[in-house]
Structures are given as structure tokens and as C-alpha cells.
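structure.cif follows (mmCIF, C-alpha atoms and all ligand atoms):
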```cif
data_work
#
loop_
_atom_site.label_atom_id
_atom_site.label_comp_id
_atom_site.auth_asym_id
_atom_site.auth_seq_id
_atom_site.Cartn_x
_atom_site.Cartn_y
_atom_site.Cartn_z
CA MET A 1 -6.72 17.79 4.85
CA SER A 2 -8.61 14.60 5.63
CA ASN A 3 -9.87 14.41 2.02
CA GLU A 4 -6.36 14.88 0.76
CA LEU A 5 -5.14 12.08 3.05
CA LYS A 6 -7.95 9.84 1.90
CA THR A 7 -6.99 10.41 -1.74
CA ILE A 8 -3.36 9.57 -1.04
CA HIS A 9 -4.42 6.50 0.93
CA GLU A 10 -6.73 5.30 -1.82
CA PHE A 11 -4.02 5.77 -4.39
CA ASP A 12 -1.58 3.68 -2.33
CA PHE A 13 -4.27 1.06 -1.93
CA THR A 14 -4.74 0.85 -5.70
CA LEU A 15 -0.99 0.71 -6.25
CA ILE A 16 -0.53 -2.15 -3.79
CA CYS A 17 -3.42 -4.00 -5.37
CA ASN A 18 -2.07 -3.46 -8.90
CA TYR A 19 1.33 -4.75 -7.83
CA PHE A 20 0.09 -7.90 -6.10
CA LYS A 21 -2.66 -8.85 -8.51
CA GLY A 22 0.00 -9.65 -11.11
CA LEU A 23 1.28 -12.43 -8.83
CA LYS A 24 -0.04 -15.94 -8.34
CA ARG A 25 0.38 -15.62 -4.59
CA GLN A 26 0.30 -12.55 -2.38
CA GLY A 27 2.16 -14.19 0.50
CA PRO A 28 4.66 -17.01 1.20
CA GLY A 29 3.38 -20.58 0.76
CA SER A 30 3.23 -23.46 -1.74
CA PRO A 31 0.80 -26.16 -2.91
CA GLU A 32 2.91 -28.71 -0.99
CA VAL A 33 2.48 -26.97 2.39
CA THR A 34 -1.23 -26.42 1.75
CA GLN A 35 -1.55 -30.18 1.18
CA LYS A 36 0.59 -30.96 4.23
CA ALA A 37 -1.48 -28.71 6.51
CA LEU A 38 -4.66 -30.31 5.19
CA SER A 39 -3.29 -33.75 6.11
CA PHE A 40 -3.60 -32.76 9.80
CA THR A 41 -7.37 -32.17 9.48
CA ASN A 42 -10.24 -34.65 9.12
CA GLU A 43 -11.41 -35.80 5.72
CA LEU A 44 -14.41 -33.81 4.52
CA SER A 45 -17.58 -34.78 2.63
CA ASP A 46 -19.12 -33.16 -0.47
CA ASN A 47 -21.43 -31.21 1.86
CA ALA A 48 -18.58 -29.66 3.85
CA ARG A 49 -18.36 -25.86 4.11
CA ILE A 50 -14.91 -24.29 3.95
CA ALA A 51 -13.87 -20.62 4.18
CA ASP A 52 -10.54 -19.26 2.93
CA ILE A 53 -10.16 -15.91 4.69
CA GLY A 54 -7.95 -13.25 3.08
CA CYS A 55 -7.80 -15.50 0.01
CA GLY A 56 -6.20 -12.94 -2.35
CA THR A 57 -6.32 -14.15 -5.96
CA GLY A 58 -6.67 -17.73 -4.70
CA GLY A 59 -3.25 -19.35 -5.22
CA GLN A 60 -3.72 -21.55 -2.15
CA THR A 61 -7.51 -21.88 -2.58
CA MET A 62 -7.19 -23.69 -5.93
CA ALA A 63 -4.64 -26.05 -4.34
CA LEU A 64 -7.01 -26.61 -1.41
CA ALA A 65 -9.83 -27.40 -3.87
CA ASN A 66 -7.63 -30.07 -5.45
CA TYR A 67 -7.07 -31.88 -2.18
CA THR A 68 -10.45 -31.64 -0.48
CA LYS A 69 -14.18 -32.01 -1.10
CA GLY A 70 -16.90 -29.53 -0.19
CA GLN A 71 -17.86 -25.94 -0.99
CA ILE A 72 -15.14 -23.32 -0.59
CA THR A 73 -15.87 -19.62 -0.08
CA GLY A 74 -12.88 -17.33 -0.58
CA ILE A 75 -13.26 -13.94 1.06
CA ASP A 76 -11.07 -10.88 0.55
CA LEU A 77 -11.30 -7.13 1.07
CA PHE A 78 -10.01 -6.23 -2.44
CA PRO A 79 -12.63 -6.55 -5.23
CA ASP A 80 -9.90 -6.82 -7.90
CA PHE A 81 -8.43 -9.87 -6.16
CA ILE A 82 -11.87 -11.51 -6.00
CA GLU A 83 -12.48 -10.86 -9.69
CA ILE A 84 -9.20 -12.65 -10.52
CA PHE A 85 -10.00 -15.36 -7.95
CA ASN A 86 -13.29 -16.18 -9.69
CA ARG A 87 -11.56 -16.22 -13.09
CA ASN A 88 -8.95 -18.59 -11.67
CA ALA A 89 -11.70 -20.88 -10.33
CA ILE A 90 -13.20 -21.08 -13.85
CA GLU A 91 -9.77 -21.84 -15.35
CA ALA A 92 -9.26 -24.57 -12.72
CA HIS A 93 -12.73 -26.01 -13.56
CA CYS A 94 -13.85 -25.78 -9.94
CA GLU A 95 -16.20 -22.76 -10.15
CA ASP A 96 -19.16 -24.97 -9.13
CA ARG A 97 -17.66 -25.39 -5.65
CA VAL A 98 -15.18 -22.50 -5.26
CA LYS A 99 -16.60 -18.96 -5.06
CA GLY A 100 -14.88 -15.71 -4.17
CA ILE A 101 -16.75 -12.92 -2.39
CA VAL A 102 -15.72 -9.44 -1.27
CA GLY A 103 -15.87 -9.01 2.50
CA SER A 104 -13.89 -8.31 5.62
CA MET A 105 -12.45 -10.78 8.09
CA ASP A 106 -13.77 -8.70 10.98
CA ALA A 107 -17.39 -9.06 9.77
CA LEU A 108 -17.61 -12.51 8.21
CA PRO A 109 -20.90 -13.38 6.48
CA PHE A 110 -21.21 -16.88 7.97
CA GLN A 111 -23.67 -18.42 10.43
CA GLU A 112 -22.53 -19.68 13.81
CA GLU A 113 -21.28 -23.29 13.57
CA GLU A 114 -21.66 -23.25 9.77
CA LEU A 115 -18.09 -24.15 8.78
CA ASP A 116 -16.17 -27.43 8.84
CA LEU A 117 -12.84 -25.82 8.03
CA ILE A 118 -11.38 -22.32 8.24
CA TRP A 119 -8.31 -21.70 6.10
CA SER A 120 -6.18 -18.54 6.08
CA GLU A 121 -2.68 -18.25 4.62
CA GLY A 122 -0.68 -15.11 5.33
CA ALA A 123 -3.73 -13.03 6.16
CA ILE A 124 -4.82 -13.38 9.81
CA TYR A 125 -2.28 -10.68 10.75
CA ASN A 126 -4.69 -8.12 9.27
CA ILE A 127 -6.98 -8.63 12.27
CA GLY A 128 -4.27 -10.04 14.56
CA PHE A 129 -3.70 -13.74 15.30
CA GLU A 130 -5.28 -13.77 18.75
CA ARG A 131 -8.34 -11.75 17.72
CA GLY A 132 -8.87 -13.86 14.59
CA MET A 133 -8.54 -17.12 16.53
CA ASN A 134 -11.11 -15.88 19.05
CA GLU A 135 -13.62 -14.25 16.71
CA TRP A 136 -13.63 -16.91 14.01
CA ASN A 137 -14.12 -19.76 16.48
CA LYS A 138 -17.93 -19.32 16.58
CA PHE A 139 -18.26 -19.96 12.83
CA LEU A 140 -16.78 -23.44 13.16
CA LYS A 141 -18.78 -26.55 13.99
CA LYS A 142 -17.63 -28.41 17.09
CA ASN A 143 -14.61 -30.54 16.10
CA GLY A 144 -14.14 -28.38 12.99
CA PHE A 145 -10.60 -27.35 12.04
CA ILE A 146 -8.72 -24.11 11.60
CA ALA A 147 -5.44 -23.84 9.67
CA VAL A 148 -3.60 -20.54 9.38
CA THR A 149 -0.09 -19.31 8.65
CA GLU A 150 1.37 -16.64 10.87
CA ALA A 151 4.72 -14.84 11.16
CA SER A 152 6.54 -16.25 14.19
CA TRP A 153 9.90 -15.99 15.95
CA PHE A 154 12.03 -19.13 15.96
CA THR A 155 14.27 -17.97 18.82
CA PRO A 156 13.64 -16.23 22.14
CA GLU A 157 16.04 -13.40 21.14
CA ARG A 158 17.20 -11.87 17.84
CA PRO A 159 19.25 -9.00 16.40
CA SER A 160 17.74 -5.55 16.95
CA GLU A 161 17.49 -4.73 13.21
CA ILE A 162 14.97 -7.49 12.57
CA ASP A 163 13.26 -7.10 15.93
CA ASP A 164 12.74 -3.37 15.27
CA PHE A 165 11.40 -4.07 11.77
CA TRP A 166 8.73 -6.44 13.04
CA MET A 167 7.84 -4.29 16.05
CA ALA A 168 7.17 -1.42 13.62
CA ASN A 169 5.16 -3.57 11.20
CA TYR A 170 3.48 -6.36 13.17
CA PRO A 171 4.21 -6.25 16.90
CA GLU A 172 1.98 -9.30 17.42
CA ILE A 173 4.70 -11.54 15.96
CA ASP A 174 5.66 -13.94 18.76
CA THR A 175 7.34 -17.24 19.51
CA ILE A 176 5.72 -20.54 18.50
CA PRO A 177 4.86 -21.69 22.08
CA ARG A 178 3.12 -18.36 22.76
CA LYS A 179 1.08 -18.59 19.54
CA ILE A 180 0.05 -22.15 20.43
CA ALA A 181 -0.99 -21.02 23.92
CA GLN A 182 -3.15 -18.26 22.38
CA MET A 183 -4.77 -20.82 20.11
CA GLU A 184 -5.50 -23.15 23.03
CA LYS A 185 -6.98 -20.28 25.05
CA ALA A 186 -9.24 -19.36 22.11
CA GLY A 187 -10.88 -22.83 22.26
CA TYR A 188 -8.88 -25.11 19.98
CA ILE A 189 -6.84 -28.28 20.48
CA PRO A 190 -3.54 -27.41 18.78
CA THR A 191 -3.26 -30.55 16.65
CA ALA A 192 -0.16 -29.65 14.62
CA HIS A 193 2.22 -26.90 13.60
CA PHE A 194 5.18 -26.72 11.23
CA ILE A 195 7.55 -24.10 9.86
CA LEU A 196 7.11 -23.28 6.17
CA PRO A 197 10.25 -24.28 4.25
CA GLU A 198 12.41 -21.56 2.73
CA ASN A 199 11.23 -22.24 -0.83
CA CYS A 200 7.77 -20.92 0.17
CA TRP A 201 9.47 -17.51 0.42
CA THR A 202 12.22 -17.69 -2.20
CA GLU A 203 10.72 -19.74 -5.03
CA HIS A 204 6.99 -19.15 -4.55
CA PHE A 205 6.89 -15.58 -3.24
CA TYR A 206 10.02 -13.53 -3.99
CA ALA A 207 11.23 -14.99 -7.32
CA PRO A 208 7.94 -14.32 -9.18
CA GLN A 209 8.17 -10.68 -8.00
CA PHE A 210 11.37 -9.89 -10.01
CA PRO A 211 9.69 -9.52 -13.43
CA VAL A 212 6.61 -7.87 -11.89
CA GLN A 213 8.81 -5.26 -10.18
CA GLU A 214 10.61 -4.39 -13.41
CA ALA A 215 7.32 -4.02 -15.32
CA PHE A 216 5.74 -2.05 -12.47
CA LEU A 217 8.63 0.43 -12.29
CA LYS A 218 8.37 1.00 -16.05
CA GLU A 219 4.60 1.45 -15.90
CA TYR A 220 4.83 3.92 -12.99
CA ALA A 221 8.09 5.63 -14.07
CA GLY A 222 8.61 8.83 -12.05
CA ASN A 223 5.96 7.89 -9.48
CA GLU A 224 7.47 8.20 -6.01
CA ALA A 225 4.86 6.07 -4.24
CA ALA A 226 5.41 3.22 -6.71
CA ALA A 227 9.20 3.46 -6.30
CA ASP A 228 8.75 3.41 -2.49
CA LEU A 229 6.51 0.35 -2.72
CA ILE A 230 9.11 -1.61 -4.70
CA ALA A 231 11.94 -0.41 -2.44
CA GLY A 232 9.90 -1.64 0.55
CA GLN A 233 9.36 -5.07 -1.02
CA ARG A 234 13.06 -5.38 -1.86
CA HIS A 235 14.01 -4.34 1.68
CA GLU A 236 11.69 -7.00 3.15
CA GLU A 237 13.27 -9.62 0.91
CA SER A 238 16.81 -8.61 1.92
CA LEU A 239 15.83 -8.78 5.59
CA TYR A 240 14.39 -12.25 5.05
CA ASN A 241 17.61 -13.44 3.41
CA LYS A 242 19.69 -11.98 6.24
CA TYR A 243 17.57 -13.11 9.20
CA LYS A 244 15.62 -16.19 8.07
CA GLU A 245 17.04 -18.30 10.90
CA TYR A 246 15.18 -16.03 13.37
CA TYR A 247 11.67 -15.87 11.88
CA GLY A 248 9.35 -17.18 9.22
CA TYR A 249 5.81 -18.36 8.69
CA VAL A 250 4.39 -21.21 10.74
CA PHE A 251 1.29 -23.23 9.84
CA TYR A 252 -0.90 -23.62 12.96
CA ILE A 253 -3.62 -26.26 12.80
CA GLY A 254 -6.24 -26.65 15.52
CA GLN A 255 -9.52 -28.42 16.21
CA LYS A 256 -12.42 -26.64 17.88
CA ARG A 257 -13.09 -28.15 21.31
N1 LIG A 301 -3.92 -15.85 1.14
C1 LIG A 301 -3.29 -15.19 0.03
C2 LIG A 301 -1.94 -15.83 -0.27
O1 LIG A 301 -1.38 -16.48 0.63
O2 LIG A 301 -1.45 -15.67 -1.39
C3 LIG A 301 -3.15 -13.68 0.25
C4 LIG A 301 -2.24 -13.27 1.37
S1 LIG A 301 -1.96 -11.50 1.39
C5 LIG A 301 -0.43 -11.39 2.27
C6 LIG A 301 -3.15 -10.91 2.59
C7 LIG A 301 -4.57 -10.80 2.03
O3 LIG A 301 -5.45 -10.35 3.05
C8 LIG A 301 -4.70 -9.82 0.87
O4 LIG A 301 -5.31 -10.49 -0.21
C9 LIG A 301 -5.59 -8.72 1.42
O5 LIG A 301 -6.41 -8.13 0.43
C10 LIG A 301 -6.40 -9.47 2.44
N2 LIG A 301 -7.01 -8.64 3.48
C11 LIG A 301 -6.48 -7.57 4.13
N3 LIG A 301 -7.34 -7.10 5.05
C12 LIG A 301 -8.45 -7.88 4.97
C13 LIG A 301 -9.69 -7.89 5.65
N4 LIG A 301 -9.97 -7.02 6.61
N5 LIG A 301 -10.60 -8.84 5.32
C14 LIG A 301 -10.34 -9.74 4.33
N6 LIG A 301 -9.18 -9.77 3.66
C15 LIG A 301 -8.25 -8.86 3.96
#
```
Take the structure in the file and give it back as C-alpha cells.
Ligand code: SAM
Amino acid sequence: MSNELKTIHEFDFTLICNYFKGLKRQGPGSPEVTQKALSFTNELSDNARIADIGCGTGGQTMALANYTKGQITGIDLFPDFIEIFNRNAIEAHCEDRVKGIVGSMDALPFQEEELDLIWSEGAIYNIGFERGMNEWNKFLKKNGFIAVTEASWFTPERPSEIDDFWMANYPEIDTIPRKIAQMEKAGYIPTAHFILPENCWTEHFYAPQFPVQEAFLKEYAGNEAAADLIAGQRHEESLYNKYKEYYGYVFYIGQKR
């Protein structure tokens, strides 16, 4: 039974990976918001060490490389994403200072106080915002910066359909003041936060998925798990369109005290 479950799980894992690796980004965001978030951190030197945690195929990492100096290590759990990441770094002519490695955000391969900047777009939820803020703190130098995006509520109350969806999928979603308080408690000065504009979802995340979904459904015709995956993505998108005034991604930027 457990072997059978493992096989099913591994298959789903491969499916999800195959779906998302055809996309430039695996989560909402844009080069403009990456640049804006960076503007709230200190300027870095060529010797600076930066980590992009849960980097995916590196959509935001290559933008980050354009706007900052220093060595960037992208880290992601999926080897296929890292392979594409390293190809993208070569195409962007920044492979001498941008390297992707396979690893997990709950066992990061960095030394204490090694990093000047920790970046993580749409990925900290995998470990949980509060846990990530706490556990990653030790890898930053004093006065180093952290910048992450995290799903957040914009209102103290919301319709039950969207509340239930998030409680089932990521119960750690919370209001902006509560997220900022968690950040402060974890040892950072919350220097800035801003809500990602709608085009980070519509133009940069959902629109590129249309052609990929069509191709994916053709490739996996008759495969129930693949059909479920696409139905799930389309459901998420319809919920976003219906309830975007209640939630979204927020960039949280903090400086280690
Ligand atoms: N940062 C990318 C972006 O914004 O396009 C990817 C965001 S995607 C929503 C979340 C990423 O977290 C995926 O690439 C996934 O493989 C990665 N991930 C999931 N669990 C992880 C873990 N334990 N350690 C490192 N990366 C992980």
C-alpha cells in the first residue's frame, strides 16, 4: 500500500514539474516588482552573497542578477527546475555569478552569517512564513536583508468560499499586520512591504499558462491526474479573479537586527 502511494505521489510530482517547467515563472511576480523590492535593500558589492530560495527555473533570479552585484545561489527542491535555471543563467550571460543548486529550504547549505541578502518569491509557504523567517535568520549577516513574497489577506474578514479554500491549502495565510509582527519577532526590522499589482498574477502568471495547459492536456490525453491538475489551476485562477480584493501576494522586506 505504501509503495503504491509512493508511486502515485511520485507520478503527481513529475506531472506538476512537467507542467510548471514549461513556464517562465512558477508563481506570481514580475521583473518590475523584483526591482522595486530590491530598492528597499542596501546596495551590494561584487563580493556580496545572495540566496534565492525556492528559485524554480529562475524567472525572478535573472531579473535580480540584472539589478544587483554579487554571487547569487538559486536553490530548489526540483532537479529539473535547477537544470533549466542553469541553462537560463547561461542564456542571460550571468552564469559566472548565478548558480542553481538542488536542495531544500529546511536544510540550507549555507554558513551562519554568510549571506547579505535572502530572496524568496512565492516559495516560503513550503516551509511556512514564520518558520522560514525564524530559521533563515541565522544565515544572514547582521544588517543583511530578507525579501519574500507571501500570500496575505487584505481585509480582516472575507467570503467563506475563499476563506475555506485557503484554510484547506495554506492555513498560515494571514493579514499584513500579523505577518509583519511575525517578521519583527523573528529578528528583523520590517523596512518595507507592498502588495503585488494584479498584472503579476494575470499577465505574468496566468496568461502564459493558457497555451501550456492546452499542450499539456493533449500530451496527457486520457490521464485523470493531468486533467485534475489543470482543473485545479483553472479553479485557482477563477477564485483569484472573483476574490482578488480580499487577498494577494505581498512583498515583505526586512533587515536583520
Ligand atoms: N520563485 C519561483 C517563482 O516565483 O517563479 C518559484 C515559485 S513556485 C510557486 C515554488 C517553488 O518552491 C517551486 O520551484 C518548488 O520546487 C520550490 N520548493 C518547494 N518545496 C521546496 C523546498 N523544500 N526547498 C526548496 N524549494 C522548494
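For region 64-69 of chain A, the list of residues within 7 Å, based on all atoms listed in the file and with local chain neighbours fewer than 6 positions off taken out, reads Thr34, Gln35, Leu44, Ser45 and Asp46 of chain A.
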| All residues 6 Å or closer to Leu77 (chain A), all atoms listed in the file, same chain fewer than 6 positions away omitted, as a VMD selection string | chain A and resid 102 to 104
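Coordinates place CA of Val148 (chain A) at a distance of 11.5 Å from CA of Leu196 (chain A).
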Counting all atoms listed in the file, give me one row per residue of region 145-256 of chain A with an atom at most 9 Å from an atom of region 110-118 of chain A, showing the shortest contact pair and its distance in Å to one decimal, sorted by chain then residue number, as JSON lines.
```
{"residue": "A:Phe145", "atom": "CA", "partner": "A:Leu117", "partner_atom": "CA", "distance": 4.8}
{"residue": "A:Ile146", "atom": "CA", "partner": "A:Ile118", "partner_atom": "CA", "distance": 4.6}
{"residue": "A:Ala147", "atom": "CA", "partner": "A:Ile118", "partner_atom": "CA", "distance": 6.3}
{"residue": "A:Val148", "atom": "CA", "partner": "A:Ile118", "partner_atom": "CA", "distance": 8.1}
```
| query | Which neighbours of Asn241 (chain A) fall inside 10 Å, counting all atoms listed in the file, when residues of the same chain fewer than 6 positions from it are skipped, and could you give them as a list of chain:residue names? | reply | A:Glu198, A:Trp201, A:Thr202, A:His235
